[in-house]
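Engineer: There's a structure below that I have some questions on.
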Amino acid sequence: MTPSTHRSSYRPGAWFGVFGSATTLLLPESEKTRVATLWSLIDDDAVFDEVLDALLEAGLGSLPGFLLVGHEEPTKILARGPVRLTGTAGGEEFEIDGSTALTWVERVLDTVDSLVAEVGGPSDHAGEEGVDDSGRADDLPIIGGLVRVSRVDRPAAVEAPVVPPAEVEEEATELVDLDEASGSSDDAGSLDRPIDLPEAGWPPPVGPPSAPLFVDDPLSAPLPSVPEQADDHADDHADDPTSDHDGLTRTGTLGPEVSRELPGIPGQPAPPRVVASVATLRFSTGEVVDVDRVVLIGRAPEARRVSASEQPRLVKVHSPLYEISSTHVEVRPGSGADHGTAVVTDLGSTNGTVLDQPGVGAESLRPGIAVQLIPGATINLGDGVSIQVTRP
C-alpha cells in the first residue's frame, strides 16, 4: 500500500506514532527513549528490515508492544502486545491481534485495500486534549513525522482541510488595493491613468553617477584609495616565472609527494586490493565464498564504510523468522598476529552468533570483538543457517 500525503489519519492517544514514506511504527509511551533514534531513521526513508533491526537492538524482552508496517508491496506487518488490526486485502477481510503472541504476530499481504490499527485502550488516552472520557477523539490527517496516537486509519477517515478559493481571492484583493490604506483618491491611484514623466532630462543619461545615489547609504560611498607601495625587490621577481604580477606575493611549488602522478587510469576508481584467500566459507545453503577480502553476511547486508580500493563482498542469507540481522557478521583476512588466517566479528546482531571451533567448543561471540578462525570451525547465525570454515 503506497503511502501519500493525507492518505492516513489518526486519533490522539498515549502511544507514539512515527510515520515515514517507507514504514510506519507505533510504540507505547514507555518507549520514549527509543522514539528519537527510530524517528530519525524512519524520516530518512529506512526500509522495513532496517527499522526492525534498530527496534530490536535493545532486546525484545524489554519491549511490551509495537506495530511495524512496511508500505512496500507486499505489505509486511509485525504486531506485539495490545495492538489490534482489521482491514481488507485483495477484497478479503483480515484481523491481527498482537496480544495473543509470545513474540509477535507476522503477516505479509500482497494488496492492502484498507487498514485500521487500534493500540492501547481508552484509559491510555482519556482526559487528553481532544479526547472525551470514553476515549473517543477526533480524527486528524497525517502528513508525516511523530504524533501521539490511539488509532490509525488508512485510507484517511477525514479529509485534509482545504482553503476555499474565495478566501484566497479576498486576501489577494487586500494586498493589491493600496489606495484605501494610503488615503489617496481613486483618480490618483488608478492604474489606467498614464504616468506623467518630466520632459527635460528624461530618460536619465546612461553612465556612472557623479555622486552617490543615496547620501545616507554607507554602501554607496566611494571606497578609500590605497596608497601605492614601492617594491624594492620588484626587479628581482621580474624574470622569476613563479612570481605573480604585483611583486608582493609568490606562488608556491608542489612537493614531490603531491606532484607525482597517481597510479591507475585518470578518472577511473582505483582497482580493488588483491589479497590471497586465507579461508573458504561453505554455507549450509550451498554457497561457497573465498575470504580474500572483507565478507559481510546477513539478511540484507550493507557496507556503510568502504574505500575505493577495498570493496567488500556481500553475502545475503534467507531468514524467514528474522533471527539473522541485516548485517550480522563480518569475516576478513587477519592482520598482525592473525596474518594468514581469517577472523570473524559479530556486528552487534540482535540474536548473537555462536562459534564452534575444534578443541575449543561453542562460544557466543562478543559484538565488535574479532576472533581468529580455525579450519573446521562452524559459525551459527540462527534460522538454521551455519557456515563451515575450511582451508582455502
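By convention here, the chains of the C-alpha cells are called A, B, ... in the order presented, each chain's residues are numbered starting at 1, and ligands are numbered starting at 1 in the order presented.
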Got a sec: who's within 12 Å of A:Arg304, counting only C-alpha atoms, leaving out chain neighbours fewer than 5 positions off, as a VMD selection string?
Structural biologist: chain A and resid 296 311 to 312 314 327
Engineer: Could you save the residues just selected, with N, CA, C and O atoms, as a PDB file, in the first residue's frame?
Structural biologist:
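Written out: selection36.pdb:
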```pdb
ATOM      1  N   LEU A 296      30.797  -9.540   4.257  1.00  0.00           N
ATOM      2  CA  LEU A 296      29.696  -9.148   5.142  1.00  0.00           C
ATOM      3  C   LEU A 296      28.522 -10.081   4.889  1.00  0.00           C
ATOM      4  O   LEU A 296      28.079 -10.243   3.739  1.00  0.00           O
ATOM      5  N   GLN A 311      36.583  -3.086  -1.792  1.00  0.00           N
ATOM      6  CA  GLN A 311      35.148  -3.292  -1.882  1.00  0.00           C
ATOM      7  C   GLN A 311      34.795  -4.628  -1.235  1.00  0.00           C
ATOM      8  O   GLN A 311      35.281  -5.675  -1.651  1.00  0.00           O
ATOM      9  N   PRO A 312      33.958  -4.645  -0.191  1.00  0.00           N
ATOM     10  CA  PRO A 312      33.628  -5.909   0.473  1.00  0.00           C
ATOM     11  C   PRO A 312      32.704  -6.773  -0.371  1.00  0.00           C
ATOM     12  O   PRO A 312      32.034  -6.292  -1.290  1.00  0.00           O
ATOM     13  N   LEU A 314      29.370  -8.942  -0.336  1.00  0.00           N
ATOM     14  CA  LEU A 314      28.124  -9.020   0.413  1.00  0.00           C
ATOM     15  C   LEU A 314      27.457 -10.360   0.147  1.00  0.00           C
ATOM     16  O   LEU A 314      27.227 -10.725  -1.014  1.00  0.00           O
ATOM     17  N   THR A 327      22.922  -6.908   8.696  1.00  0.00           N
ATOM     18  CA  THR A 327      24.353  -7.137   8.541  1.00  0.00           C
ATOM     19  C   THR A 327      24.813  -7.812   9.827  1.00  0.00           C
ATOM     20  O   THR A 327      25.037  -7.147  10.835  1.00  0.00           O
TER      21      THR A 327
END
```
Engineer: What separation in Å, quoted to one decimal, exists between atom CA of A:Val291 and atom CA of A:Glu330?
Structural biologist: 10.5 Å
Engineer: Residues of stretch 16-55 of chain A classed as helix (DSSP H, G or I) by DSSP on the backbone are to be reported as a PDB file with N, CA, C and O atoms, in the first residue's frame.
Structural biologist:
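Saved the output as states29.pdb:
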```
ATOM      1  N   GLU A  29       3.894   4.499  25.264  1.00  0.00           N
ATOM      2  CA  GLU A  29       4.528   5.682  25.834  1.00  0.00           C
ATOM      3  C   GLU A  29       5.729   5.343  26.705  1.00  0.00           C
ATOM      4  O   GLU A  29       6.561   6.207  26.988  1.00  0.00           O
ATOM      5  N   SER A  30       5.882   4.093  27.123  1.00  0.00           N
ATOM      6  CA  SER A  30       7.040   3.702  27.925  1.00  0.00           C
ATOM      7  C   SER A  30       8.320   3.668  27.110  1.00  0.00           C
ATOM      8  O   SER A  30       9.412   3.605  27.668  1.00  0.00           O
ATOM      9  N   GLU A  31       8.229   3.709  25.774  1.00  0.00           N
ATOM     10  CA  GLU A  31       9.401   3.600  24.904  1.00  0.00           C
ATOM     11  C   GLU A  31       9.847   4.964  24.394  1.00  0.00           C
ATOM     12  O   GLU A  31      10.290   5.093  23.254  1.00  0.00           O
ATOM     13  N   LYS A  32       9.755   5.971  25.229  1.00  0.00           N
ATOM     14  CA  LYS A  32      10.129   7.320  24.805  1.00  0.00           C
ATOM     15  C   LYS A  32      11.607   7.407  24.431  1.00  0.00           C
ATOM     16  O   LYS A  32      11.998   8.146  23.533  1.00  0.00           O
ATOM     17  N   THR A  33      12.461   6.639  25.116  1.00  0.00           N
ATOM     18  CA  THR A  33      13.894   6.705  24.827  1.00  0.00           C
ATOM     19  C   THR A  33      14.238   6.149  23.449  1.00  0.00           C
ATOM     20  O   THR A  33      15.253   6.516  22.867  1.00  0.00           O
ATOM     21  N   ARG A  34      13.427   5.241  22.925  1.00  0.00           N
ATOM     22  CA  ARG A  34      13.707   4.664  21.606  1.00  0.00           C
ATOM     23  C   ARG A  34      13.198   5.536  20.471  1.00  0.00           C
ATOM     24  O   ARG A  34      13.665   5.429  19.341  1.00  0.00           O
ATOM     25  N   VAL A  35      12.213   6.385  20.777  1.00  0.00           N
ATOM     26  CA  VAL A  35      11.486   7.072  19.711  1.00  0.00           C
ATOM     27  C   VAL A  35      12.379   8.015  18.926  1.00  0.00           C
ATOM     28  O   VAL A  35      12.314   8.065  17.695  1.00  0.00           O
ATOM     29  N   ALA A  36      13.257   8.772  19.610  1.00  0.00           N
ATOM     30  CA  ALA A  36      14.069   9.770  18.909  1.00  0.00           C
ATOM     31  C   ALA A  36      14.951   9.124  17.840  1.00  0.00           C
ATOM     32  O   ALA A  36      15.011   9.592  16.694  1.00  0.00           O
ATOM     33  N   THR A  37      15.639   8.034  18.205  1.00  0.00           N
ATOM     34  CA  THR A  37      16.510   7.357  17.239  1.00  0.00           C
ATOM     35  C   THR A  37      15.713   6.761  16.086  1.00  0.00           C
ATOM     36  O   THR A  37      16.092   6.887  14.912  1.00  0.00           O
ATOM     37  N   LEU A  38      14.594   6.127  16.409  1.00  0.00           N
ATOM     38  CA  LEU A  38      13.787   5.496  15.371  1.00  0.00           C
ATOM     39  C   LEU A  38      13.131   6.536  14.472  1.00  0.00           C
ATOM     40  O   LEU A  38      12.965   6.310  13.268  1.00  0.00           O
ATOM     41  N   TRP A  39      12.746   7.667  15.031  1.00  0.00           N
ATOM     42  CA  TRP A  39      12.155   8.739  14.228  1.00  0.00           C
ATOM     43  C   TRP A  39      13.163   9.223  13.186  1.00  0.00           C
ATOM     44  O   TRP A  39      12.835   9.398  12.016  1.00  0.00           O
ATOM     45  N   SER A  40      14.400   9.439  13.613  1.00  0.00           N
ATOM     46  CA  SER A  40      15.429   9.891  12.677  1.00  0.00           C
ATOM     47  C   SER A  40      15.651   8.862  11.578  1.00  0.00           C
ATOM     48  O   SER A  40      15.836   9.208  10.405  1.00  0.00           O
ATOM     49  N   LEU A  41      15.607   7.579  11.927  1.00  0.00           N
ATOM     50  CA  LEU A  41      15.818   6.513  10.943  1.00  0.00           C
ATOM     51  C   LEU A  41      14.671   6.452   9.940  1.00  0.00           C
ATOM     52  O   LEU A  41      14.877   6.385   8.724  1.00  0.00           O
ATOM     53  N   ILE A  42      13.435   6.497  10.451  1.00  0.00           N
ATOM     54  CA  ILE A  42      12.268   6.408   9.574  1.00  0.00           C
ATOM     55  C   ILE A  42      12.145   7.648   8.708  1.00  0.00           C
ATOM     56  O   ILE A  42      11.737   7.581   7.547  1.00  0.00           O
ATOM     57  N   ASP A  43      12.505   8.812   9.246  1.00  0.00           N
ATOM     58  CA  ASP A  43      12.434  10.057   8.478  1.00  0.00           C
ATOM     59  C   ASP A  43      13.424  10.044   7.321  1.00  0.00           C
ATOM     60  O   ASP A  43      13.232  10.755   6.334  1.00  0.00           O
ATOM     61  N   PHE A  48      11.812  -1.573   5.904  1.00  0.00           N
ATOM     62  CA  PHE A  48      11.242  -2.386   6.971  1.00  0.00           C
ATOM     63  C   PHE A  48      12.323  -3.103   7.781  1.00  0.00           C
ATOM     64  O   PHE A  48      12.329  -3.044   9.018  1.00  0.00           O
ATOM     65  N   ASP A  49      13.263  -3.779   7.098  1.00  0.00           N
ATOM     66  CA  ASP A  49      14.275  -4.561   7.806  1.00  0.00           C
ATOM     67  C   ASP A  49      15.197  -3.684   8.644  1.00  0.00           C
ATOM     68  O   ASP A  49      15.603  -4.060   9.755  1.00  0.00           O
ATOM     69  N   GLU A  50      15.538  -2.492   8.145  1.00  0.00           N
ATOM     70  CA  GLU A  50      16.413  -1.595   8.900  1.00  0.00           C
ATOM     71  C   GLU A  50      15.742  -1.119  10.183  1.00  0.00           C
ATOM     72  O   GLU A  50      16.361  -1.065  11.249  1.00  0.00           O
ATOM     73  N   VAL A  51      14.462  -0.777  10.094  1.00  0.00           N
ATOM     74  CA  VAL A  51      13.740  -0.318  11.277  1.00  0.00           C
ATOM     75  C   VAL A  51      13.595  -1.452  12.281  1.00  0.00           C
ATOM     76  O   VAL A  51      13.719  -1.246  13.497  1.00  0.00           O
ATOM     77  N   LEU A  52      13.345  -2.675  11.796  1.00  0.00           N
ATOM     78  CA  LEU A  52      13.185  -3.813  12.699  1.00  0.00           C
ATOM     79  C   LEU A  52      14.481  -4.091  13.453  1.00  0.00           C
ATOM     80  O   LEU A  52      14.464  -4.357  14.665  1.00  0.00           O
ATOM     81  N   ASP A  53      15.614  -4.034  12.779  1.00  0.00           N
ATOM     82  CA  ASP A  53      16.896  -4.257  13.451  1.00  0.00           C
ATOM     83  C   ASP A  53      17.140  -3.215  14.539  1.00  0.00           C
ATOM     84  O   ASP A  53      17.580  -3.548  15.644  1.00  0.00           O
ATOM     85  N   ALA A  54      16.856  -1.947  14.238  1.00  0.00           N
ATOM     86  CA  ALA A  54      17.057  -0.888  15.230  1.00  0.00           C
ATOM     87  C   ALA A  54      16.072  -1.030  16.392  1.00  0.00           C
ATOM     88  O   ALA A  54      16.406  -0.754  17.549  1.00  0.00           O
ATOM     89  N   LEU A  55      14.857  -1.484  16.098  1.00  0.00           N
ATOM     90  CA  LEU A  55      13.848  -1.642  17.137  1.00  0.00           C
ATOM     91  C   LEU A  55      14.224  -2.738  18.130  1.00  0.00           C
ATOM     92  O   LEU A  55      14.004  -2.605  19.337  1.00  0.00           O
TER      93      LEU A  55
END
```
Engineer: List as a ChimeraX atom specification the protein and nucleic acid residues near stretch 118-120 of chain A, meaning an atom at most 6 Å away when only C-alpha atoms are counted, but skip any in the same chain fewer than 6 places from it.
Structural biologist: /A:82-84,150-151
Engineer: What gap, in Å, lies between atom CA of A:Pro367 and atom CA of A:Leu355?
Structural biologist: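 Atom-to-atom, atom CA of A:Pro367 and atom CA of A:Leu355 are spaced 12.5 Å apart.
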Engineer: What's around A:Val315 at 7 Å? Count only C-alpha atoms, leave out sequence neighbours fewer than 2 positions away in its own chain, and write the answer as a list in words.
Structural biologist: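 Residues meeting the cut-off are Leu296, Ile297, Gly298, Pro301, Arg313 and Val317 of chain A.
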Engineer: Determine, counting only C-alpha atoms, which protein, DNA and RNA residues have an atom within 10 Å of an atom of A:Tyr322; residues of the same chain fewer than 4 positions away are not included. Present the result as a count of residues only.
Structural biologist: 10
Engineer: For stretch 283-288 of chain A, list every protein, DNA or RNA residue within 8 Å, evaluated using only C-alpha atoms, and leave out those in the same chain fewer than 3 positions away; present the list as a PyMOL selection string.
Structural biologist: chain A and resi 280+385-388
Engineer: For A:Pro333, list every protein, DNA or RNA residue within 8 Å, evaluated using only C-alpha atoms, and leave out those in the same chain fewer than 2 positions away; present the list as a PDB file with C-alpha atoms, in the first residue's frame.
Structural biologist:
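Once written, result32.pdb looks like this:
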```
ATOM      1  CA  SER A 277      42.438 -16.154   0.092  1.00  0.00           C
ATOM      2  CA  VAL A 278      43.066 -17.189   3.702  1.00  0.00           C
ATOM      3  CA  VAL A 291      37.900 -14.942   2.178  1.00  0.00           C
ATOM      4  CA  ASP A 292      40.228 -12.800   0.053  1.00  0.00           C
ATOM      5  CA  ARG A 293      38.670  -9.549   1.235  1.00  0.00           C
ATOM      6  CA  VAL A 294      36.059  -8.368   3.750  1.00  0.00           C
ATOM      7  CA  VAL A 331      34.742 -12.293   8.092  1.00  0.00           C
ATOM      8  CA  SER A 335      46.370  -8.727  10.281  1.00  0.00           C
ATOM      9  CA  HIS A 339      48.021 -12.585   9.500  1.00  0.00           C
ATOM     10  CA  GLY A 340      47.464 -15.526   7.164  1.00  0.00           C
ATOM     11  CA  THR A 341      44.196 -16.549   8.843  1.00  0.00           C
ATOM     12  CA  ALA A 342      40.586 -15.378   8.785  1.00  0.00           C
ATOM     13  CA  VAL A 343      38.877 -13.565  11.671  1.00  0.00           C
TER      14      VAL A 343
END
```
Engineer: Using only C-alpha atoms, which of A:Ser364, A:Ser9, A:Ser349, A:Gln357 sits nearest A:Val158?
Structural biologist: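 Smallest separation from A:Val158 among the options: A:Ser9.
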Engineer: Counting only C-alpha atoms, which of A:Ala370, A:Val354, A:Ala300, A:Val295 gets nearest to A:Val47?
Structural biologist: A:Ala300
Engineer: Quick one, how far is atom CA of A:Ala46 from atom CA of A:Glu95?
Structural biologist: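 The value is 26.3 Å.
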Engineer: Restricting the calculation to only C-alpha atoms: of A:Thr24, A:Ser319, A:Thr103, A:Ser114, which residue gets closest to A:Gly144?
Structural biologist: A:Thr24
Engineer: Taking only C-alpha atoms into account, name the residue in A:Thr390, A:Pro64, A:Arg332, A:Tyr10 that is nearest to A:Gly98.
Structural biologist: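 The answer is A:Pro64, which sits nearest to A:Gly98.
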Engineer: Determine which residues of stretch 264-361 of chain A receive a DSSP assignment of strand (DSSP E or B), computed from the backbone, and state them as a ChimeraX atom specification.
Structural biologist: /A:280-283,288-290,295-298,307,310,313-316,329-333,342-346,354-357,361
